[in-house]
Amino acid sequence: MEANAESRVPLRKPANRKRTNLLTKLYAQRYLQLMALLGVAWMLLFHYGPMYGIVIAFKEYIGIGEIANAPWVGFDHFRAIFEDELMLQVIRNTLGISLLKLAIGFPIPIIFALFLNELRSLRFNRTVQTITYLPHFLSWVILGGILITWLSDVGVVNDVLMRLGIVEEPIFYLSEPKYFWAIVVSSDIWKEFGWSAIIYIAAIAGISPELYEAATIDGAGRFQRMRFVTLPSIRGTISILFILAVGGILNSNFDQILVLKNQLNESMSSVIDIYVYEIGIKQGRFSYSAAVGLVKGVIALILLLIANSFTKRMNQSSLF
């Protein structure tokens with residue numbers, strides 16, 4: 001019995017030591033942990049707490065009284081989604097705008113960061129970087145008003161194009177549905193590409209200078225260093241941001257489209273977020289709009305898992 005007892009003692013010490021080390025580390029990082037706890041509390045309160053409201057997608061809730069007292073309707077709202085004639089148009093617009101933003105807007109910050117890294121003048125580098133990410137801090141209410149003014153029939157865009165002889169008559173671009181996607185995608189890139197490039201610039205700054213020196217000794221030029229040193233070194237960052245971008249492919253920029261849409265371009269500007277807003281808030285169909293949002297969330301999760309699996313197989317970089 002004594003031999004057995006003695007043999008058990010060494011097994012307890014590592015566990016106690018690990019617990020002590022963990023408590024010591026937590027105490028040493030108590031201020032950082034407190035900051036993290038505030039973020040966790042905010043997420044639990046505003047993200048996980050309201051998830052109880054998902055149940056109204058399976059009920060007929062009219063916004064009066066308690067959710068628990070609303071009658072159950074099962075999957076009636078989900079069946080109504082597939083029977084709605086506007087849903088195909090809404091999905092087409094959402095996917096069209098989001099895929100264009102992903103295909104065009106995702107690589108532009110990467111390219112910008114690569115070329116910005118090659119600038120030798122630190123002052124010029126900082127000036128360019130500051131100018132490009134300043135639009136990010138302007139709300140879409142302000143930028144939308146600027147775009148509406150610029151793109152009106154008496155705006156600066158028509159003035160320039162008419163002086164160059166490209167157009168003969170002024171065009172109010174936001175009243176033409178065929179121009180809406182191009183306006184949304186280009187204005188979103190203009191507003192966000194400088195800010196998005198900051199992450200890539202930070203990743204590039206962490207690359208060892210010895211790699212560039214070795215590549216230079218081997219005779220690599222600037223573009224070859226970008227291709228064979230910089231891009232492979234930030235591949236993990238690109239993969240993570242690509243996964244997040246694919247996961248949010250059904251999230252159109254609500255503020256942007258709400259400001260720029262009107263009755264004339266409605267056929268190309270109705271996206272899922274706008275549709276949910278108009279159905280849920282304006283018409284008071286809370287349960288139906290919750291069902292649409294739930295379906296959207298499930299599809300986004302599936303896309304996230306697919307993108308994560310794809311990048312994990314391609315370059316061993318993933319979120320999980």
# chains A, B, ... in the order shown; residues from 1 in each chain; ligands from 1
>>> residues_around(residues="range 144-161 of chain A", least_positions_apart="2", cutoff="7 Å", atoms="only C-alpha atoms", output="JSON, numbers by chain")
{"A": [140, 141, 142, 163, 164, 165, 166, 167, 170, 171, 172, 173, 174, 256, 259, 260]}
>>> residues_around(residues="range 292-300 of chain A", least_positions_apart="4", cutoff="12 Å", atoms="only C-alpha atoms", output="VMD selection string")
chain A and resid 51 53 to 58 75 to 82 84 87 90 to 91 94 to 95 243 to 252 271 to 277 279 to 280 285 to 288 304 to 307
>>> residues_around(residues="Leu231 in chain A", least_positions_apart="6", cutoff="12 Å", atoms="only C-alpha atoms", output="PyMOL selection string")
chain A and resi 107+110-111+113-115+117+200-201+203-204+207+223-225+237-239
>>> residues_around(residues="range 179-186 of chain A", least_positions_apart="5", cutoff="8 Å", atoms="only C-alpha atoms", output="ChimeraX atom specification")
/A:96-97,100-101,105,173-174,256-257,265,268-269
>>> select_by_dssp(residues="range 146-211 of chain A", states="helix (DSSP H, G or I)", output="PyMOL selection string")
chain A and resi 146-150+156-163+173-175+177-205+209-211
